[in-house]
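Chemist: Got a structure for you, protein.txt, holding compact mmCIF, C-alpha atoms.
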```txt
# COMPACT_ATOMS: atom_id res chain seq x y z
CA MET A 1 45.33 211.85 90.29
CA ASN A 2 42.43 209.51 91.10
CA LYS A 3 39.80 211.41 93.11
CA TYR A 4 39.47 208.55 95.60
CA LEU A 5 43.22 208.67 96.24
CA ILE A 6 42.98 212.43 96.82
CA VAL A 7 40.22 211.93 99.37
CA PHE A 8 42.25 209.18 101.07
CA LEU A 9 45.37 211.37 101.29
CA LEU A 10 43.39 214.32 102.62
CA GLY A 11 41.91 212.03 105.24
CA LEU A 12 45.38 210.92 106.33
CA LEU A 13 46.49 214.54 106.54
CA TRP A 14 43.47 215.47 108.69
CA THR A 15 43.99 212.45 110.95
CA ARG A 16 47.64 213.30 111.42
CA ASN A 17 46.76 216.90 112.27
CA VAL A 18 44.15 215.91 114.83
CA GLN A 19 46.34 213.26 116.42
CA GLY A 20 49.46 215.42 116.37
CA GLN A 21 47.89 218.49 117.93
CA SER A 22 44.76 217.29 119.68
CA ILE A 23 45.37 214.67 122.32
CA SER A 24 42.36 213.90 124.48
CA VAL A 25 42.43 216.12 127.57
CA HIS A 26 40.17 218.01 129.95
CA ASP A 27 41.06 221.31 131.64
CA PRO A 28 44.67 221.67 130.39
CA VAL A 29 47.36 223.89 131.91
CA MET A 30 50.91 224.23 130.61
CA ILE A 31 54.38 225.24 131.73
CA GLN A 32 57.87 225.13 130.18
CA GLU A 33 61.05 223.81 131.79
CA ASN A 34 64.42 223.60 129.98
CA GLY A 35 62.87 223.52 126.52
CA THR A 36 60.18 220.97 127.34
CA PHE A 37 56.49 221.83 127.67
CA TYR A 38 54.52 220.01 130.33
CA LEU A 39 50.75 219.70 130.22
CA PHE A 40 48.71 218.86 133.33
CA CYS A 41 45.06 217.87 132.94
CA THR A 42 42.06 216.33 134.65
CA GLY A 43 42.51 212.57 134.89
CA ARG A 44 43.37 209.65 137.11
CA GLY A 45 46.04 210.88 139.50
CA ILE A 46 46.36 214.06 137.35
CA ALA A 47 47.26 213.35 133.73
CA VAL A 48 50.66 214.60 132.52
CA TRP A 49 52.00 215.06 128.97
CA SER A 50 55.30 216.43 127.63
CA SER A 51 56.32 217.95 124.30
CA LYS A 52 59.17 219.84 122.69
CA ASP A 53 56.94 221.76 120.26
CA LYS A 54 53.40 221.92 121.77
CA GLU A 55 52.19 219.62 118.97
CA ASP A 56 53.55 216.08 119.44
CA TRP A 57 52.85 214.93 122.98
CA SER A 58 54.15 212.00 125.04
CA ARG A 59 52.22 210.60 127.98
CA GLU A 60 54.03 210.77 131.33
CA GLU A 61 53.26 208.98 134.58
CA PRO A 62 50.46 210.56 136.64
CA VAL A 63 51.33 212.78 139.58
CA PHE A 64 49.51 210.53 142.05
CA PRO A 65 49.69 206.80 141.20
CA GLU A 66 47.79 206.34 144.47
CA ALA A 67 45.15 208.76 145.70
CA PRO A 68 46.21 211.43 148.21
CA SER A 69 45.63 210.01 151.68
CA TRP A 70 43.27 212.78 152.78
CA ALA A 71 40.97 212.72 149.73
CA LYS A 72 38.53 210.04 150.91
CA GLU A 73 37.85 212.02 154.06
CA VAL A 74 36.60 214.93 151.96
CA VAL A 75 34.98 213.03 149.08
CA PRO A 76 33.82 209.55 150.19
CA ASP A 77 33.24 208.35 146.61
CA PHE A 78 36.66 209.58 145.41
CA LYS A 79 38.42 207.19 143.00
CA ASN A 80 41.59 209.21 142.28
CA HIS A 81 40.04 211.05 139.32
CA ILE A 82 41.48 214.52 139.98
CA TRP A 83 40.13 217.65 138.32
CA ALA A 84 41.38 220.92 136.93
CA PRO A 85 45.02 221.36 138.04
CA ASP A 86 47.04 224.57 137.92
CA ILE A 87 50.84 224.69 137.66
CA SER A 88 53.20 227.54 138.54
CA PHE A 89 56.83 228.12 139.54
CA GLN A 90 57.40 229.99 142.79
CA ASN A 91 60.07 230.08 145.51
CA GLY A 92 62.40 227.81 143.51
CA GLN A 93 59.91 224.98 143.04
CA TYR A 94 56.77 223.99 141.17
CA TYR A 95 53.37 224.26 142.84
CA LEU A 96 50.64 222.03 141.43
CA TYR A 97 47.14 222.83 142.71
CA TYR A 98 44.35 220.37 142.02
CA SER A 99 40.65 219.70 142.69
CA ILE A 100 38.95 216.87 144.56
CA SER A 101 35.16 216.85 144.16
CA SER A 102 31.91 214.97 143.68
CA PHE A 103 30.24 215.84 140.37
CA ALA A 104 27.44 218.44 140.69
CA LYS A 105 28.16 218.91 144.41
CA ASN A 106 30.33 221.33 146.33
CA THR A 107 31.70 218.46 148.35
CA SER A 108 35.10 219.71 147.22
CA ALA A 109 38.62 220.69 148.18
CA ILE A 110 41.69 222.18 146.53
CA GLY A 111 45.01 220.56 147.38
CA VAL A 112 48.61 221.36 146.45
CA ALA A 113 51.76 219.37 145.73
CA THR A 114 55.30 220.61 145.07
CA ASN A 115 58.30 219.40 143.10
CA LYS A 116 61.81 220.73 142.44
CA THR A 117 61.64 219.69 138.78
CA LEU A 118 59.19 218.37 136.20
CA ASP A 119 61.79 216.10 134.57
CA ALA A 120 60.87 212.59 135.70
CA ASP A 121 64.45 211.41 134.98
CA ALA A 122 66.03 213.97 137.31
CA SER A 123 67.46 212.72 140.60
CA ASP A 124 65.48 215.25 142.65
CA PHE A 125 62.13 214.58 140.93
CA GLU A 126 59.51 213.89 143.62
CA TRP A 127 55.97 215.14 144.12
CA VAL A 128 55.35 216.09 147.75
CA ASP A 129 51.70 216.51 148.68
CA HIS A 130 50.79 219.21 151.24
CA GLY A 131 47.11 218.41 151.53
CA ILE A 132 44.14 220.77 151.63
CA VAL A 133 44.43 224.46 150.81
CA ILE A 134 40.70 225.16 150.99
CA GLU A 135 37.53 223.08 151.33
CA SER A 136 33.82 223.67 150.60
CA VAL A 137 30.98 221.88 152.38
CA PRO A 138 27.37 221.46 151.15
CA GLY A 139 24.86 223.36 153.25
CA ARG A 140 27.60 225.51 154.76
CA ASP A 141 29.20 227.20 151.75
CA MET A 142 27.64 228.91 148.73
CA TRP A 143 30.84 228.47 146.74
CA ASN A 144 32.72 225.50 145.29
CA ALA A 145 36.39 224.76 145.99
CA ILE A 146 37.48 223.62 142.51
CA ASP A 147 39.25 225.05 139.43
CA PRO A 148 42.18 226.86 141.10
CA ASN A 149 44.46 229.35 139.35
CA ILE A 150 47.38 231.18 140.98
CA VAL A 151 48.27 234.76 140.05
CA SER A 152 50.76 237.29 141.49
CA ASP A 153 50.07 240.98 142.06
CA GLU A 154 52.43 243.89 141.38
CA GLU A 155 53.89 243.67 144.89
CA GLY A 156 54.67 239.96 144.59
CA GLY A 157 51.74 238.76 146.66
CA ASN A 158 50.15 235.49 145.55
CA TRP A 159 46.43 234.99 145.07
CA MET A 160 44.19 232.11 144.11
CA THR A 161 41.04 232.41 142.05
CA PHE A 162 38.67 229.46 141.96
CA GLY A 163 35.04 228.41 141.83
CA SER A 164 32.17 226.90 139.89
CA PHE A 165 28.42 227.71 139.81
CA TRP A 166 26.78 228.61 143.19
CA SER A 167 27.56 232.24 144.11
CA GLY A 168 30.35 232.72 141.59
CA LEU A 169 34.13 232.83 141.30
CA LYS A 170 36.33 233.90 144.19
CA LEU A 171 39.74 235.56 144.61
CA VAL A 172 41.63 234.90 147.86
CA ARG A 173 45.06 235.88 149.19
CA LEU A 174 47.50 233.06 149.91
CA ASN A 175 50.04 232.95 152.71
CA GLU A 176 53.70 233.31 151.77
CA ASP A 177 54.25 229.54 151.74
CA LEU A 178 51.43 229.22 149.13
CA LEU A 179 50.04 226.27 151.09
CA SER A 180 47.10 227.97 152.79
CA VAL A 181 44.62 230.83 152.48
CA LYS A 182 45.44 234.05 154.33
CA ASN A 183 41.93 235.27 155.19
CA GLY A 184 38.43 233.91 155.74
CA PRO A 185 35.46 234.22 153.33
CA LYS A 186 34.42 237.65 154.64
CA ASP A 187 37.65 239.08 153.16
CA TRP A 188 37.40 237.31 149.79
CA TYR A 189 36.55 238.97 146.48
CA THR A 190 33.79 237.69 144.20
CA ILE A 191 35.14 238.57 140.76
CA ALA A 192 32.53 236.95 138.49
CA ARG A 193 29.03 235.58 138.88
CA ARG A 194 25.82 235.00 136.93
CA LYS A 195 22.20 235.32 137.96
CA ARG A 196 21.03 232.40 140.09
CA SER A 197 17.38 231.49 140.54
CA PHE A 198 16.44 232.51 144.07
CA GLU A 199 14.24 229.51 144.82
CA LEU A 200 16.95 226.88 144.28
CA ASP A 201 18.27 224.93 147.25
CA GLU A 202 21.73 226.05 148.36
CA ARG A 203 23.03 222.50 147.86
CA ASP A 204 22.05 222.69 144.17
CA PRO A 205 24.80 223.97 141.82
CA GLY A 206 22.11 226.17 140.29
CA ASP A 207 21.64 227.76 136.90
CA ALA A 208 24.41 230.36 137.22
CA ALA A 209 26.70 228.33 134.97
CA LEU A 210 30.26 229.65 135.12
CA GLU A 211 33.59 228.19 136.24
CA ALA A 212 37.30 227.80 135.44
CA PRO A 213 38.65 231.31 136.14
CA PHE A 214 42.10 232.09 134.77
CA ILE A 215 43.81 235.49 135.16
CA PHE A 216 46.44 236.53 132.60
CA LYS A 217 48.46 239.77 132.91
CA LYS A 218 49.03 241.63 129.64
CA ASP A 219 50.48 245.15 129.56
CA ASN A 220 48.39 247.29 131.92
CA TYR A 221 45.52 244.85 132.41
CA TYR A 222 44.65 241.69 134.22
CA TYR A 223 42.43 239.61 131.91
CA LEU A 224 39.94 237.28 133.58
CA PHE A 225 38.99 234.35 131.34
CA VAL A 226 35.92 232.37 132.43
CA SER A 227 33.97 229.44 130.97
CA PHE A 228 30.19 229.90 130.69
CA ASP A 229 27.52 227.22 130.39
CA LEU A 230 27.89 223.43 130.45
CA CYS A 231 30.87 221.10 130.03
CA CYS A 232 31.26 217.34 130.03
CA ARG A 233 27.99 216.45 128.28
CA GLY A 234 29.13 215.28 124.84
CA GLU A 235 26.87 216.68 122.13
CA ASP A 236 24.91 218.58 124.79
CA SER A 237 28.00 220.54 125.88
CA THR A 238 27.54 224.30 125.52
CA TYR A 239 30.89 225.49 126.89
CA LYS A 240 32.15 228.89 125.75
CA MET A 241 34.88 231.27 126.92
CA VAL A 242 34.37 234.91 127.88
CA VAL A 243 36.74 237.59 129.17
CA GLY A 244 36.82 240.82 131.12
CA ARG A 245 39.71 242.98 132.25
CA SER A 246 40.78 245.24 135.10
CA GLU A 247 43.76 247.42 135.97
CA GLU A 248 43.53 246.04 139.52
CA LEU A 249 43.85 242.35 140.32
CA GLN A 250 40.88 242.50 142.68
CA GLY A 251 38.67 243.95 139.95
CA PRO A 252 36.12 244.99 138.98
CA TYR A 253 36.54 243.09 135.70
CA LEU A 254 34.66 244.80 132.89
CA ASP A 255 33.82 243.44 129.44
CA ARG A 256 34.14 245.33 126.15
CA GLU A 257 30.80 247.04 126.75
CA GLY A 258 31.73 248.12 130.26
CA GLU A 259 29.53 245.53 132.02
CA SER A 260 31.02 244.09 135.19
CA MET A 261 31.60 240.33 135.34
CA TYR A 262 30.25 240.59 138.89
CA ASN A 263 26.90 241.33 137.26
CA GLY A 264 27.10 238.60 134.62
CA GLY A 265 29.17 240.45 132.02
CA GLY A 266 31.78 238.91 129.75
CA THR A 267 32.98 239.44 126.18
CA LEU A 268 32.83 236.28 124.07
CA VAL A 269 36.26 234.89 123.19
CA LEU A 270 35.29 231.61 121.54
CA GLU A 271 32.33 229.24 121.34
CA GLY A 272 31.57 225.95 119.61
CA ASN A 273 30.37 225.37 116.06
CA GLU A 274 29.09 222.46 113.95
CA ASP A 275 32.40 220.62 114.42
CA TRP A 276 32.86 221.38 118.11
CA TYR A 277 30.01 221.06 120.59
CA GLY A 278 31.68 223.42 123.02
CA VAL A 279 35.10 224.85 123.85
CA GLY A 280 36.34 225.98 127.22
CA HIS A 281 38.25 225.66 130.50
CA ASN A 282 41.23 227.60 129.23
CA SER A 283 44.59 228.72 130.52
CA ALA A 284 46.75 231.47 128.98
CA TYR A 285 50.53 231.96 128.75
CA THR A 286 53.36 233.74 127.00
CA PHE A 287 55.95 231.41 125.45
CA ASN A 288 58.84 232.79 123.37
CA ASN A 289 57.18 236.22 123.09
CA LYS A 290 53.87 234.80 121.82
CA ASP A 291 50.64 234.56 123.77
CA TYR A 292 48.68 231.30 123.76
CA LEU A 293 45.25 230.12 124.83
CA ILE A 294 45.19 226.48 125.94
CA PHE A 295 41.78 224.79 126.20
CA HIS A 296 39.72 221.74 125.26
CA GLY A 297 36.87 221.26 122.80
CA TYR A 298 34.29 218.49 122.30
CA TYR A 299 34.82 217.10 118.80
CA ALA A 300 31.56 216.30 117.00
CA GLN A 301 33.08 213.72 114.66
CA GLN A 302 34.31 211.66 117.64
CA ASN A 303 31.11 211.67 119.70
CA GLY A 304 32.11 214.71 121.71
CA LYS A 305 35.58 213.49 122.67
CA PRO A 306 37.50 216.29 124.46
CA LEU A 307 40.58 217.31 122.47
CA LEU A 308 43.41 219.73 123.15
CA PHE A 309 43.62 223.17 121.55
CA VAL A 310 46.78 225.30 121.57
CA ARG A 311 45.96 228.58 119.81
CA GLU A 312 47.95 231.78 119.49
CA ILE A 313 46.25 234.90 120.85
CA THR A 314 46.30 238.08 118.82
CA TRP A 315 45.05 241.39 120.21
CA ASP A 316 42.89 244.02 118.56
CA GLU A 317 43.61 247.74 118.67
CA ALA A 318 41.61 248.14 121.86
CA GLY A 319 43.57 245.36 123.57
CA TRP A 320 41.00 242.55 123.46
CA PRO A 321 42.04 238.94 122.69
CA ILE A 322 41.25 237.27 119.37
CA VAL A 323 41.39 233.46 119.08
CA GLY A 324 40.15 231.12 116.35
CA ILE A 325 39.16 227.46 116.45
CA ASP A 326 40.47 226.58 112.95
```
Give the structure from this file in structure tokens form.
Modeler:
Amino acid sequence: MNKYLIVFLLGLLWTRNVQGQSISVHDPVMIQENGTFYLFCTGRGIAVWSSKDKEDWSREEPVFPEAPSWAKEVVPDFKNHIWAPDISFQNGQYYLYYSISSFAKNTSAIGVATNKTLDADASDFEWVDHGIVIESVPGRDMWNAIDPNIVSDEEGGNWMTFGSFWSGLKLVRLNEDLLSVKNGPKDWYTIARRKRSFELDERDPGDAALEAPFIFKKDNYYYLFVSFDLCCRGEDSTYKMVVGRSEELQGPYLDREGESMYNGGGTLVLEGNEDWYGVGHNSAYTFNNKDYLIFHGYYAQQNGKPLLFVREITWDEAGWPIVGID
């Protein structure tokens, strides 16, 4: 066969693979309903995709065609670009948490909407917004109300972990209706943080670069996945994912070496390479008895375009996750 034809065919195969499995997304989370997978991502009104096989995705209508009515009161420059959602099924309905924020500020809030179904063709399909769950204010709070993730404890209580930069990532108890936080900041847990330069102004995000907590229960452990370093900067993105684990939801979360994530610890799960400037902001699930890590990476050959990764997790003998890019 002509060598140029071989190169052409290989190029088509690569293009098909990238397009089939790597739609452009930021901060993906996934859930399955009646054989269909739904992907919710950062985007205008919250981006939504659906798939039967986690490979070929169809674009759905956004959750919020118009911005939530309360958003402008919290973020004056808000233009309906909603960040980092989290989806879960509780109390017979779906809860979709989402982030409203100004970039590089903790002018932020986490809201929540509910729906009886994710099938847009169903007669009872309707997103109902319940407004603010929690809000952070510059100069008042040393934490940032973005990047929510909901997790249940052994007794059925529901918790939310969230946060970005500042003083680290928080874990808070939710009320039974899952629409509000049960206790004030003095009763919260800080489950991960990195060293922050003391002299920085409290309104500055700082140099303690971590965000996007996601807690995944596997056997006897809660695994806390966290993204270190910088996202959203094209070829300057340095995103990477680390993990720690704990037998108790509230922590402490320790890495493979026994270092607490409260003190900056974290075992590397995956980082970028020459093809990917950075990889991060993951979620983790079990589908059909297999564990998956869902995340985005900045593709070098497309000027740092963020693309979707769906990768199976394997576990070593000591119970630590193994994930590959390729």
Chemist: Taking only C-alpha atoms into account, name the residue in A:Phe64, A:Ser180, A:Arg140, A:Ile23 that is nearest to Ser51 of chain A.
Modeler: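 Ranking A:Phe64, A:Ser180, A:Arg140, A:Ile23 by distance to Ser51 of chain A, first place goes to A:Ile23.
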Chemist: How many Å separate atom CA of Asp326 of chain A from atom CA of Phe309 of chain A?
Modeler: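 Going from atom CA of Asp326 of chain A over to atom CA of Phe309 of chain A covers 9.8 Å.
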Chemist: Give the answer as one residue: which of A:Leu270, A:Ile150, A:Ile132, A:Ala104 has the shortest atom-to-atom distance to Asp207 of chain A, using all atoms listed in the file?
Modeler: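 That would be A:Ala104, the residue with the smallest distance to Asp207 of chain A.
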Chemist: Could you state the separation of atom CA of Glu55 of chain A and atom CA of Leu39 of chain A in Å, given to one decimal place?
Modeler: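 Spanning atom CA of Glu55 of chain A to atom CA of Leu39 of chain A is a straight-line distance of 11.3 Å.
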Chemist: Which one is closest to Ser260 of chain A: A:Ser58, A:Pro205, A:Ile191, A:Asn175? Count only C-alpha atoms.
Modeler: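 Going through A:Ser58, A:Pro205, A:Ile191, A:Asn175 one by one, the smallest distance to Ser260 of chain A is for A:Ile191.
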Chemist: Smallest atom-to-atom distance to Val279 of chain A: which of A:Val310, A:Ile215, A:Ala300, A:Cys231, using all atoms listed in the file?
Modeler: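 Ranking A:Val310, A:Ile215, A:Ala300, A:Cys231 by distance to Val279 of chain A, first place goes to A:Cys231.
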Chemist: Using all atoms listed in the file, which of A:Trp57, A:Phe162, A:Tyr95, A:Phe287 sits nearest Ser22 of chain A?
Modeler: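 Residue with the minimum atom-to-atom distance to Ser22 of chain A: A:Trp57.
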Chemist: Ranking A:Gly156, A:Phe228, A:Gly131, A:Trp188 by minimum distance to Gln250 of chain A and counting all atoms listed in the file, which one comes first?
Modeler: A:Trp188
Chemist: Can you work out the spacing between atom CA of Asp204 of chain A and atom CA of Gly168 of chain A in Å, to one decimal?
Modeler: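 A separation of 13.3 Å between them.
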Chemist: Every residue with an atom at most 10 Å from (24.9, 221.7, 150.1) (file coordinates; only C-alpha atoms) is what I'm after, so could you write them as a VMD selection string?
Modeler: chain A and resid 105 to 107 136 to 144 166 201 to 205
Chemist: Would you save the residues of that selection, restricted to C-alpha atoms, as a PDB file, keeping the file's coordinate frame?
Modeler:
```
ATOM      1  CA  LYS A 105      28.160 218.910 144.410  1.00  0.00           C
ATOM      2  CA  ASN A 106      30.330 221.330 146.330  1.00  0.00           C
ATOM      3  CA  THR A 107      31.700 218.460 148.350  1.00  0.00           C
ATOM      4  CA  SER A 136      33.820 223.670 150.600  1.00  0.00           C
ATOM      5  CA  VAL A 137      30.980 221.880 152.380  1.00  0.00           C
ATOM      6  CA  PRO A 138      27.370 221.460 151.150  1.00  0.00           C
ATOM      7  CA  GLY A 139      24.860 223.360 153.250  1.00  0.00           C
ATOM      8  CA  ARG A 140      27.600 225.510 154.760  1.00  0.00           C
ATOM      9  CA  ASP A 141      29.200 227.200 151.750  1.00  0.00           C
ATOM     10  CA  MET A 142      27.640 228.910 148.730  1.00  0.00           C
ATOM     11  CA  TRP A 143      30.840 228.470 146.740  1.00  0.00           C
ATOM     12  CA  ASN A 144      32.720 225.500 145.290  1.00  0.00           C
ATOM     13  CA  TRP A 166      26.780 228.610 143.190  1.00  0.00           C
ATOM     14  CA  ASP A 201      18.270 224.930 147.250  1.00  0.00           C
ATOM     15  CA  GLU A 202      21.730 226.050 148.360  1.00  0.00           C
ATOM     16  CA  ARG A 203      23.030 222.500 147.860  1.00  0.00           C
ATOM     17  CA  ASP A 204      22.050 222.690 144.170  1.00  0.00           C
ATOM     18  CA  PRO A 205      24.800 223.970 141.820  1.00  0.00           C
TER      19      PRO A 205
END
```
Chemist: Set the distance at 10 Å and use all atoms listed in the file: which residues neighbour Ser237 of chain A once local chain neighbours fewer than 5 positions away are removed? I'd like the list as a ChimeraX atom specification.
Modeler: /A:229-232,272,276-279,297-298,304
Chemist: Kindly export the residues of the current selection with C-alpha atoms, as a PDB file, in the frame of the given file.
Modeler:
```pdb
ATOM      1  CA  ASP A 229      27.520 227.220 130.390  1.00  0.00           C
ATOM      2  CA  LEU A 230      27.890 223.430 130.450  1.00  0.00           C
ATOM      3  CA  CYS A 231      30.870 221.100 130.030  1.00  0.00           C
ATOM      4  CA  CYS A 232      31.260 217.340 130.030  1.00  0.00           C
ATOM      5  CA  GLY A 272      31.570 225.950 119.610  1.00  0.00           C
ATOM      6  CA  TRP A 276      32.860 221.380 118.110  1.00  0.00           C
ATOM      7  CA  TYR A 277      30.010 221.060 120.590  1.00  0.00           C
ATOM      8  CA  GLY A 278      31.680 223.420 123.020  1.00  0.00           C
ATOM      9  CA  VAL A 279      35.100 224.850 123.850  1.00  0.00           C
ATOM     10  CA  GLY A 297      36.870 221.260 122.800  1.00  0.00           C
ATOM     11  CA  TYR A 298      34.290 218.490 122.300  1.00  0.00           C
ATOM     12  CA  GLY A 304      32.110 214.710 121.710  1.00  0.00           C
TER      13      GLY A 304
END
```
Chemist: What lies within 6 Å of Val112 of chain A using only C-alpha atoms, ignoring chain neighbours under 2 positions off, as a PyMOL selection string?
Modeler: chain A and resi 96-97+130
